[in-house]
$ cat work.cif   # mmCIF, C-alpha atoms
data_query
#
loop_
_atom_site.label_atom_id
_atom_site.label_comp_id
_atom_site.auth_asym_id
_atom_site.auth_seq_id
_atom_site.Cartn_x
_atom_site.Cartn_y
_atom_site.Cartn_z
CA MET A 1 44.25 125.68 71.49
CA LYS A 2 44.36 124.22 74.99
CA LYS A 3 46.89 121.46 75.69
CA LYS A 4 44.14 118.91 76.42
CA ASN A 5 42.48 119.62 73.09
CA ARG A 6 45.81 119.39 71.25
CA THR A 7 46.26 115.83 72.52
CA TRP A 8 43.17 114.77 70.60
CA SER A 9 43.62 117.08 67.63
CA VAL A 10 45.68 114.74 65.43
CA PRO A 11 43.63 111.52 65.98
CA LEU A 12 40.37 113.45 65.53
CA SER A 13 41.70 115.10 62.37
CA VAL A 14 42.70 111.71 60.96
CA LEU A 15 39.17 110.37 61.54
CA ILE A 16 37.65 113.43 59.86
CA CYS A 17 40.00 113.02 56.89
CA ILE A 18 39.10 109.34 56.52
CA ALA A 19 35.41 110.29 56.52
CA ILE A 20 36.08 112.92 53.82
CA MET A 21 37.97 110.39 51.69
CA TYR A 22 35.10 107.93 52.05
CA ILE A 23 32.42 110.47 51.12
CA CYS A 24 34.41 111.82 48.17
CA THR A 25 34.99 108.29 46.85
CA LEU A 26 31.21 107.81 46.76
CA THR A 27 30.64 111.19 45.10
CA GLY A 28 30.86 111.82 41.37
CA VAL A 29 29.08 112.57 38.12
CA ALA A 30 28.58 108.89 37.26
CA SER A 31 25.26 107.55 38.55
CA ILE A 32 26.31 105.03 41.22
CA SER A 33 24.07 104.80 44.27
CA PHE A 34 25.62 105.03 47.75
CA PRO A 35 24.57 101.46 48.67
CA ASP A 36 26.15 100.08 45.47
CA ALA A 37 29.32 102.13 45.98
CA ASN A 38 29.55 100.86 49.57
CA ARG A 39 29.18 97.26 48.41
CA ILE A 40 31.92 97.76 45.81
CA LEU A 41 34.32 99.20 48.40
CA LEU A 42 33.62 96.40 50.88
CA HIS A 43 33.99 93.70 48.22
CA GLU A 44 36.95 95.06 46.25
CA PHE A 45 39.14 96.52 48.98
CA LEU A 46 38.16 94.83 52.23
CA ARG A 47 37.63 91.51 50.42
CA LEU A 48 34.38 90.83 52.25
CA ASP A 49 31.94 88.28 50.87
CA ILE A 50 29.35 90.77 49.61
CA ASP A 51 26.54 90.00 47.17
CA MET A 52 27.38 92.03 44.01
CA THR A 53 24.16 91.17 42.15
CA GLY A 54 22.87 94.08 40.11
CA ILE A 55 26.14 96.03 40.04
CA SER A 56 27.68 96.49 36.60
CA GLU A 57 31.35 95.96 35.80
CA GLY A 58 31.49 99.60 34.71
CA SER A 59 30.44 100.80 38.17
CA ILE A 60 33.04 98.57 39.80
CA ALA A 61 35.73 99.91 37.45
CA ILE A 62 34.77 103.53 38.20
CA ILE A 63 35.14 103.05 41.95
CA ARG A 64 38.21 100.79 41.80
CA ASN A 65 40.21 102.41 38.99
CA VAL A 66 39.02 106.03 38.88
CA ARG A 67 37.55 107.47 42.05
CA LEU A 68 39.50 105.71 44.80
CA PRO A 69 42.99 106.13 43.28
CA ARG A 70 42.14 109.75 42.51
CA VAL A 71 41.14 110.36 46.13
CA VAL A 72 44.29 108.64 47.42
CA LEU A 73 46.53 110.64 45.07
CA GLY A 74 44.68 113.82 46.05
CA PHE A 75 45.41 113.11 49.70
CA LEU A 76 49.10 112.39 49.04
CA SER A 77 49.47 115.54 46.92
CA GLY A 78 47.65 117.88 49.30
CA ALA A 79 49.38 116.43 52.36
CA SER A 80 52.80 116.75 50.70
CA LEU A 81 52.33 120.36 49.60
CA ALA A 82 50.95 121.39 53.01
CA VAL A 83 53.81 119.82 54.99
CA CYS A 84 56.33 121.44 52.64
CA GLY A 85 54.56 124.77 53.13
CA ALA A 86 54.83 124.40 56.90
CA GLY A 87 58.56 123.68 56.56
CA PHE A 88 59.16 126.64 54.24
CA GLN A 89 57.18 129.05 56.42
CA GLY A 90 59.16 127.92 59.44
CA ILE A 91 62.59 128.22 57.84
CA PHE A 92 61.80 131.58 56.23
CA LYS A 93 59.66 132.92 59.11
CA ASN A 94 57.34 134.18 56.42
CA PRO A 95 53.63 133.30 55.92
CA MET A 96 53.96 133.91 52.18
CA ALA A 97 56.41 131.04 51.75
CA ASP A 98 55.17 127.85 50.12
CA PRO A 99 56.66 124.97 48.09
CA PHE A 100 56.76 127.12 44.95
CA VAL A 101 58.50 130.18 46.38
CA LEU A 102 61.98 129.12 45.20
CA GLY A 103 60.97 128.31 41.65
CA VAL A 104 60.33 124.58 42.13
CA SER A 105 57.05 124.84 40.20
CA SER A 106 58.58 126.88 37.37
CA GLY A 107 61.47 124.44 36.99
CA ALA A 108 59.10 121.47 36.96
CA ALA A 109 56.80 123.22 34.48
CA LEU A 110 59.68 123.99 32.12
CA GLY A 111 60.92 120.39 32.32
CA ALA A 112 57.43 119.05 31.64
CA ALA A 113 56.97 121.45 28.72
CA ILE A 114 60.21 120.20 27.15
CA GLY A 115 59.06 116.61 27.64
CA ILE A 116 55.67 117.32 26.04
CA ILE A 117 57.20 119.12 23.06
CA LEU A 118 59.83 116.43 22.44
CA HIS A 119 57.37 113.57 23.13
CA TYR A 120 60.01 112.20 25.47
CA ASP A 121 58.94 108.77 26.72
CA ARG A 122 62.09 107.26 28.25
CA GLY A 123 61.52 106.81 31.98
CA VAL A 124 63.62 105.73 34.94
CA TRP A 125 62.99 105.07 38.67
CA MET A 126 59.26 104.53 37.99
CA LEU A 127 59.03 107.99 36.37
CA ASN A 128 57.84 108.35 32.78
CA GLY A 129 59.53 110.73 30.35
CA THR A 130 57.60 113.95 31.00
CA THR A 131 57.46 113.28 34.73
CA LEU A 132 61.20 112.60 34.83
CA LEU A 133 62.02 115.89 33.08
CA ALA A 134 59.67 117.78 35.42
CA PHE A 135 61.37 116.16 38.40
CA ALA A 136 64.82 117.02 37.03
CA GLY A 137 63.76 120.60 36.26
CA ALA A 138 62.63 121.15 39.84
CA PHE A 139 65.90 119.85 41.30
CA LEU A 140 68.10 121.77 38.88
CA THR A 141 66.19 124.94 39.74
CA ILE A 142 66.58 124.57 43.50
CA GLY A 143 70.29 123.82 43.01
CA LEU A 144 70.69 126.96 40.88
CA VAL A 145 68.80 129.14 43.38
CA TYR A 146 70.81 127.80 46.32
CA ASN A 147 74.17 128.42 44.65
CA ILE A 148 73.18 131.91 43.54
CA SER A 149 72.14 132.78 47.11
CA ARG A 150 75.18 131.34 48.87
CA VAL A 151 77.51 133.83 50.52
CA GLY A 152 80.57 131.89 51.63
CA ARG A 153 79.22 129.05 53.74
CA ARG A 154 75.98 130.83 54.59
CA VAL A 155 72.73 131.20 52.68
CA PRO A 156 70.82 134.29 53.88
CA VAL A 157 67.07 133.69 53.84
CA SER A 158 66.27 137.04 52.21
CA THR A 159 68.73 136.39 49.38
CA LEU A 160 67.31 132.89 48.92
CA LEU A 161 63.80 134.29 48.51
CA LEU A 162 64.87 136.99 46.06
CA SER A 163 66.92 134.52 44.01
CA GLY A 164 63.97 132.14 43.91
CA ILE A 165 61.64 134.84 42.63
CA ALA A 166 64.12 135.96 39.96
CA VAL A 167 64.85 132.43 38.71
CA SER A 168 61.16 131.52 38.80
CA GLN A 169 60.20 134.45 36.60
CA THR A 170 63.02 133.71 34.18
CA LEU A 171 61.95 130.08 33.81
CA ALA A 172 58.31 131.09 33.41
CA ALA A 173 59.33 133.40 30.57
CA ALA A 174 61.36 130.61 28.96
CA MET A 175 58.34 128.32 29.09
CA SER A 176 56.18 131.00 27.47
CA VAL A 177 58.67 131.25 24.62
CA LEU A 178 58.56 127.46 24.16
CA MET A 179 54.76 127.56 24.02
CA ILE A 180 54.78 130.31 21.40
CA LEU A 181 57.29 128.41 19.26
CA ASN A 182 55.36 125.12 19.63
CA LYS A 183 51.71 126.07 19.31
CA GLN A 184 50.68 122.49 18.57
CA SER A 185 51.63 121.55 22.15
CA MET A 186 50.31 124.72 23.80
CA ASP A 187 46.97 123.29 24.97
CA GLN A 188 48.59 120.28 26.58
CA ILE A 189 51.20 122.41 28.35
CA MET A 190 48.57 124.89 29.54
CA PHE A 191 46.41 122.11 30.97
CA TRP A 192 49.44 120.64 32.76
CA THR A 193 50.27 124.00 34.38
CA MET A 194 46.70 124.28 35.74
CA GLY A 195 47.12 121.09 37.78
CA SER A 196 44.82 118.11 37.55
CA LEU A 197 44.30 114.62 38.97
CA ASN A 198 42.29 113.56 35.92
CA GLY A 199 43.43 110.28 34.38
CA LYS A 200 45.76 109.43 37.27
CA GLY A 201 45.66 105.95 38.77
CA TRP A 202 47.44 103.47 41.01
CA SER A 203 50.62 103.58 38.92
CA GLN A 204 51.05 107.30 39.64
CA ILE A 205 50.46 106.68 43.34
CA LEU A 206 53.18 104.03 43.42
CA MET A 207 55.40 106.42 41.46
CA VAL A 208 55.27 109.28 43.98
CA LEU A 209 54.82 107.31 47.22
CA PRO A 210 58.52 106.52 47.96
CA TYR A 211 59.59 110.14 47.39
CA VAL A 212 56.69 111.52 49.45
CA VAL A 213 57.35 109.18 52.39
CA LEU A 214 61.09 109.94 52.37
CA GLY A 215 60.64 113.71 52.11
CA ILE A 216 57.89 113.98 54.73
CA ALA A 217 59.89 111.80 57.16
CA LEU A 218 62.85 114.17 56.78
CA LEU A 219 60.64 117.22 57.34
CA PHE A 220 59.05 115.68 60.44
CA SER A 221 62.53 115.06 61.83
CA CYS A 222 63.20 118.83 61.60
CA SER A 223 60.29 119.80 63.88
CA ARG A 224 62.36 120.60 66.98
CA GLU A 225 64.98 122.63 65.09
CA LEU A 226 62.25 124.56 63.23
CA ASP A 227 60.70 125.53 66.57
CA ILE A 228 64.07 126.77 67.81
CA ILE A 229 64.92 128.72 64.66
CA LEU A 230 61.74 130.79 65.07
CA THR A 231 63.55 132.53 67.95
CA GLY A 232 66.18 133.76 65.48
CA GLU A 233 69.18 132.23 63.74
CA ASP A 234 71.72 133.58 66.24
CA THR A 235 69.76 132.17 69.17
CA ALA A 236 69.34 128.85 67.36
CA VAL A 237 73.10 128.61 66.82
CA GLN A 238 73.71 129.26 70.53
CA LEU A 239 71.26 126.46 71.34
CA GLY A 240 73.21 124.02 69.22
CA VAL A 241 71.23 124.06 65.96
CA ASN A 242 73.25 123.77 62.76
CA VAL A 243 71.20 126.40 60.93
CA GLU A 244 72.81 126.04 57.52
CA PHE A 245 72.46 122.25 57.57
CA LEU A 246 68.83 122.65 58.64
CA LYS A 247 68.19 124.92 55.64
CA LYS A 248 69.72 122.36 53.29
CA LYS A 249 67.72 119.55 54.86
CA VAL A 250 64.40 121.40 54.60
CA LEU A 251 65.13 122.55 51.04
CA PHE A 252 66.12 119.06 49.93
CA ALA A 253 63.17 117.33 51.60
CA SER A 254 60.66 119.91 50.36
CA THR A 255 62.03 119.76 46.83
CA ILE A 256 61.95 115.98 46.58
CA VAL A 257 58.35 115.93 47.84
CA SER A 258 57.12 118.89 45.80
CA ALA A 259 58.91 117.80 42.63
CA SER A 260 57.50 114.27 42.78
CA VAL A 261 53.95 115.54 43.28
CA ILE A 262 54.15 118.37 40.73
CA SER A 263 55.69 116.08 38.13
CA VAL A 264 52.55 113.91 38.26
CA THR A 265 49.73 116.36 38.97
CA GLY A 266 51.02 119.57 37.43
CA ILE A 267 51.03 122.85 39.35
CA ILE A 268 48.46 122.99 42.16
CA GLY A 269 48.92 126.28 43.95
CA PHE A 270 47.99 127.73 47.34
CA VAL A 271 47.67 124.41 49.22
CA GLY A 272 51.08 124.88 50.82
CA LEU A 273 50.26 128.51 51.58
CA VAL A 274 46.74 128.30 52.98
CA VAL A 275 46.66 125.05 54.96
CA PRO A 276 49.71 125.54 57.25
CA HIS A 277 48.56 129.07 58.04
CA VAL A 278 45.06 127.95 59.04
CA VAL A 279 46.48 125.09 61.13
CA ARG A 280 48.91 127.48 62.82
CA LEU A 281 46.05 129.82 63.77
CA VAL A 282 44.10 126.93 65.30
CA ALA A 283 46.79 124.69 66.79
CA GLY A 284 49.67 127.07 67.41
CA PRO A 285 53.19 127.32 65.93
CA LYS A 286 54.73 124.14 67.40
CA HIS A 287 55.89 122.09 64.41
CA ARG A 288 55.46 118.83 66.30
CA THR A 289 51.70 119.44 66.02
CA LEU A 290 51.68 121.77 63.04
CA MET A 291 53.20 119.32 60.57
CA PRO A 292 50.94 116.28 61.26
CA LEU A 293 47.85 118.49 61.20
CA SER A 294 49.02 120.21 58.00
CA LEU A 295 49.48 116.77 56.45
CA VAL A 296 45.95 115.66 57.35
CA PHE A 297 44.15 118.89 56.49
CA GLY A 298 46.21 119.47 53.35
CA GLY A 299 45.15 116.07 52.05
CA ALA A 300 41.52 116.66 53.01
CA PHE A 301 41.49 120.14 51.45
CA LEU A 302 42.77 118.92 48.09
CA ILE A 303 40.38 115.95 48.06
CA ILE A 304 37.43 118.30 48.59
CA CYS A 305 38.67 120.68 45.89
CA ASP A 306 39.19 117.83 43.42
CA THR A 307 35.77 116.34 44.16
CA ALA A 308 34.26 119.74 43.42
CA ALA A 309 36.36 119.98 40.24
CA ARG A 310 34.99 116.70 38.88
CA SER A 311 31.43 117.02 40.19
CA ILE A 312 30.14 120.59 39.81
CA ALA A 313 30.09 120.46 36.00
CA SER A 314 29.70 117.89 33.24
CA PHE A 315 33.30 118.56 32.15
CA GLU A 316 36.62 118.33 33.99
CA ILE A 317 37.82 121.48 35.76
CA PRO A 318 41.55 121.48 36.64
CA VAL A 319 41.80 121.30 40.41
CA GLY A 320 44.49 124.01 40.38
CA ILE A 321 41.77 126.48 39.38
CA ILE A 322 39.64 125.51 42.40
CA THR A 323 42.55 125.80 44.86
CA SER A 324 43.49 129.18 43.39
CA LEU A 325 39.93 130.44 43.77
CA CYS A 326 40.13 129.47 47.44
CA GLY A 327 43.71 130.60 47.97
CA GLY A 328 43.65 133.96 46.17
CA PRO A 329 41.32 135.73 48.62
CA PHE A 330 43.18 134.12 51.52
CA PHE A 331 46.46 135.52 50.16
CA VAL A 332 44.92 139.01 50.26
CA TYR A 333 43.85 138.35 53.86
CA LEU A 334 47.45 137.45 54.76
CA LEU A 335 48.72 140.69 53.24
CA ARG A 336 46.24 142.72 55.28
CA LYS A 337 47.15 140.81 58.44
CA MET A 338 50.86 141.46 57.88
CA LYS A 339 50.19 145.18 57.49
CA ARG A 340 48.66 145.24 60.98
CA GLY A 341 51.48 143.34 62.67
CA GLY A 342 54.07 140.58 62.52
CA TYR A 343 52.97 137.11 61.67
CA PHE A 344 55.35 135.15 63.86
CA SER A 345 55.47 137.66 66.69
#

$ encode --input "work.cif" --output "C-alpha cells"
Amino acid sequence: MKKKNRTWSVPLSVLICIAIMYICTLTGVASISFPDANRILLHEFLRLDIDMTGISEGSIAIIRNVRLPRVVLGFLSGASLAVCGAGFQGIFKNPMADPFVLGVSSGAALGAAIGIILHYDRGVWMLNGTTLLAFAGAFLTIGLVYNISRVGRRVPVSTLLLSGIAVSQTLAAAMSVLMILNKQSMDQIMFWTMGSLNGKGWSQILMVLPYVVLGIALLFSCSRELDIILTGEDTAVQLGVNVEFLKKKVLFASTIVSASVISVTGIIGFVGLVVPHVVRLVAGPKHRTLMPLSLVFGGAFLIICDTAARSIASFEIPVGIITSLCGGPFFVYLLRKMKRGGYFS
C-alpha cells in the first residue's frame, strides 16, 4: 500500500467499521423496521427529542438491551483477538500463530467446564464464577507453558510453540474426560466451547472492558520492538531491544486480553489468525499500522459473523462455527502459501 493511502487507511477503516456496527444493529430476526430502529437509537442513545409514537416497548428493549450490546461486545471481542493475533505472529514470526496457540483457549475451556460442573457462582473483580475460573485457567496455562519452555533466562520461540501445543492437547483431553464423567453438563460445556455472544449484555461489556483496554494498550506500546524483532533476535538485541522482556510483555498482554474475552464469549477461533494476515497483505508488516487496522477489521469481521449467526436461521448458531467456516479454508491457503515461500521474507 502506498504511503499516502496508508495515512488515510486507519480513519477510513474506522468509518467503515462504524457503518457496519450501525447496519448490524438494525439487522435481526425480530421485525423492526429501519425507520423505527433509527428512531430508537437516536432517542435512547443520543438522547434526542424524537417522537416514539407507534414503537412498542419490546422493540425498544430489543435494540437497547439485545442488539446494540451484542454488537459492541462483538467488536471488542473481534478487535481483541485480532490485535493479539498480530502480536503473536510478530513475536513468533509465524503466520499460524494466534491467541490460542499456547493453550490459552484450552486452559480457559477447562476452567469454564469446571465452573459449569460445580455450579460455581462466587465472582470477584466483576467476573462471575464460571468466567473467573476460565480466566484463571487461561493464566495458569500460559504460566505453565512459559516455565516449561524456559531455558535458563531465555525462552526459545520454537520450544514455546511446542510446549503450547502439548499442554493444549493435554488440557483438551482433560476436558473431554470431565464431559464424559458429567454428561448432564455436556451440552452446556459444548455450547460454551463453540463460542457465542447470545445472551450477553452491558454487564459483560463492562466486565471485559478494563482488561481489553489495558492489554491492547500494552500491545500497541510494543509496535516498534515487534518491527525490529522481525529482523531476527540477534539483530534486535544489537539494536537495544530486550527480547526476553518483549516476549513476556506480549505474552502477558495477549493472555489478559484473550482470557477476558474467552471467559465471556467462549472459544471463537480463527479471528486472530485470519484478520492480521489479511491486514498485513494489504497494509504491510509495520505494526504501527498493522495493529490499529487489525483492531478495526477484527471487530468488524466478528460483528458480521455474529449478525449472520443470529439472522440466517430462526435459531441461534454459535458464532464460533461461522468464524471457523471462514477461517478453515483460509488456514489451508496459508499452508499452501508457506510451501511456496517464506511468509515474513

$ residues_around --input "work.cif" --residues "A:Val101" --least-positions-apart "5" --cutoff "10 Å" --atoms "all atoms listed in the file" --output "list in words"
Gly85, Phe88, Met96, Ser106, Leu160, Leu161, Leu162, Ser163, Gly164, Ile165, Ser168 and Leu273 of chain A

$ atom_distance --input "work.cif" --atom1 "atom CA of A:His287" --atom2 "atom CA of A:Cys305"
25.3 Å

$ closest_atom_pairs --input "work.cif" --of "stretch 64-83 of chain A" --to "stretch 293-304 of chain A" --cutoff "7 Å" --atoms "all atoms listed in the file" --output "CSV"
residue,atom,partner,partner_atom,distance
A:Val71,CA,A:Ile303,CA,6.0
A:Gly74,CA,A:Ile303,CA,5.2
A:Phe75,CA,A:Gly299,CA,3.8
A:Leu76,CA,A:Gly299,CA,6.2
A:Ser77,CA,A:Gly299,CA,6.7
A:Gly78,CA,A:Gly299,CA,4.1
A:Ala79,CA,A:Leu295,CA,4.1
A:Ser80,CA,A:Leu295,CA,6.6
A:Ala82,CA,A:Gly298,CA,5.1
A:Val83,CA,A:Leu295,CA,5.5

$ write_last_selection --input "work.cif" --atoms "C-alpha atoms" --output "short mmCIF file (atom, residue, chain, number, x, y, z; two decimals), keeping the file's coordinate frame"
data_model
loop_
_atom_site.label_atom_id
_atom_site.label_comp_id
_atom_site.auth_asym_id
_atom_site.auth_seq_id
_atom_site.Cartn_x
_atom_site.Cartn_y
_atom_site.Cartn_z
CA VAL A 71 41.14 110.36 46.13
CA GLY A 74 44.68 113.82 46.05
CA PHE A 75 45.41 113.11 49.70
CA LEU A 76 49.10 112.39 49.04
CA SER A 77 49.47 115.54 46.92
CA GLY A 78 47.65 117.88 49.30
CA ALA A 79 49.38 116.43 52.36
CA SER A 80 52.80 116.75 50.70
CA ALA A 82 50.95 121.39 53.01
CA VAL A 83 53.81 119.82 54.99
#

$ closest_residue --input "work.cif" --among "A:Asp98, A:Asp36, A:Asp227, A:Asp187" --to "A:Gly284" --atoms "all atoms listed in the file"
A:Asp227

$ closest_residue --input "work.cif" --among "A:Leu239, A:Leu41, A:Met52, A:Met21" --to "A:Asn65" --atoms "only C-alpha atoms"
A:Leu41

$ atom_distance --input "work.cif" --atom1 "atom CA of A:Ile50" --atom2 "atom CA of A:Tyr22"
18.3 Å

$ resolve_selection --input "work.cif" --expression "the PyMOL selection byres ((chain A and resi 189) around 9)" --output "ChimeraX atom specification"
/A:109,112-113,116-117,179,185-188,190-194

$ atom_distance --input "work.cif" --atom1 "atom CA of A:Ala308" --atom2 "atom CA of A:Leu26"
12.8 Å

$ resolve_selection --input "work.cif" --expression "the PyMOL selection byres ((chain A and resi 202-215) around 9)" --output "PyMOL selection string"
chain A and resi 65+69-70+72-73+76-77+80+84+125-127+200-201+216-220+250+252-258+260-261+263-264

$ resolve_selection --input "work.cif" --expression "the PyMOL selection byres ((chain A and resi 265) around 6)" --output "PyMOL selection string"
chain A and resi 195-197+262+264+266

$ residues_around --input "work.cif" --residues "A:Thr53" --least-positions-apart "2" --cutoff "12 Å" --atoms "only C-alpha atoms" --output "compact mmCIF listing (two decimals) with C-alpha atoms, keeping the file's coordinate frame"
# COMPACT_ATOMS: atom_id res chain seq x y z
CA ASP A 36 26.15 100.08 45.47
CA ARG A 39 29.18 97.26 48.41
CA ILE A 40 31.92 97.76 45.81
CA HIS A 43 33.99 93.70 48.22
CA ILE A 50 29.35 90.77 49.61
CA ASP A 51 26.54 90.00 47.17
CA ILE A 55 26.14 96.03 40.04
CA SER A 56 27.68 96.49 36.60
CA GLU A 57 31.35 95.96 35.80
CA ILE A 60 33.04 98.57 39.80

$ residues_near_point --input "work.cif" --point "(72.6, 130.4, 64.5)" --cutoff "12 Å" --atoms "all atoms listed in the file" --output "list in words"
Arg154, Val155, Pro156, Glu225, Leu226, Ile228, Ile229, Leu230, Thr231, Gly232, Glu233, Asp234, Thr235, Ala236, Val237, Gln238, Leu239, Gly240, Val241, Asn242, Val243, Glu244, Phe245, Leu246 and Lys247 of chain A

$ closest_residue --input "work.cif" --among "A:Leu133, A:Ala174, A:Leu102, A:Cys17" --to "A:Ser158" --atoms "only C-alpha atoms"
A:Leu102
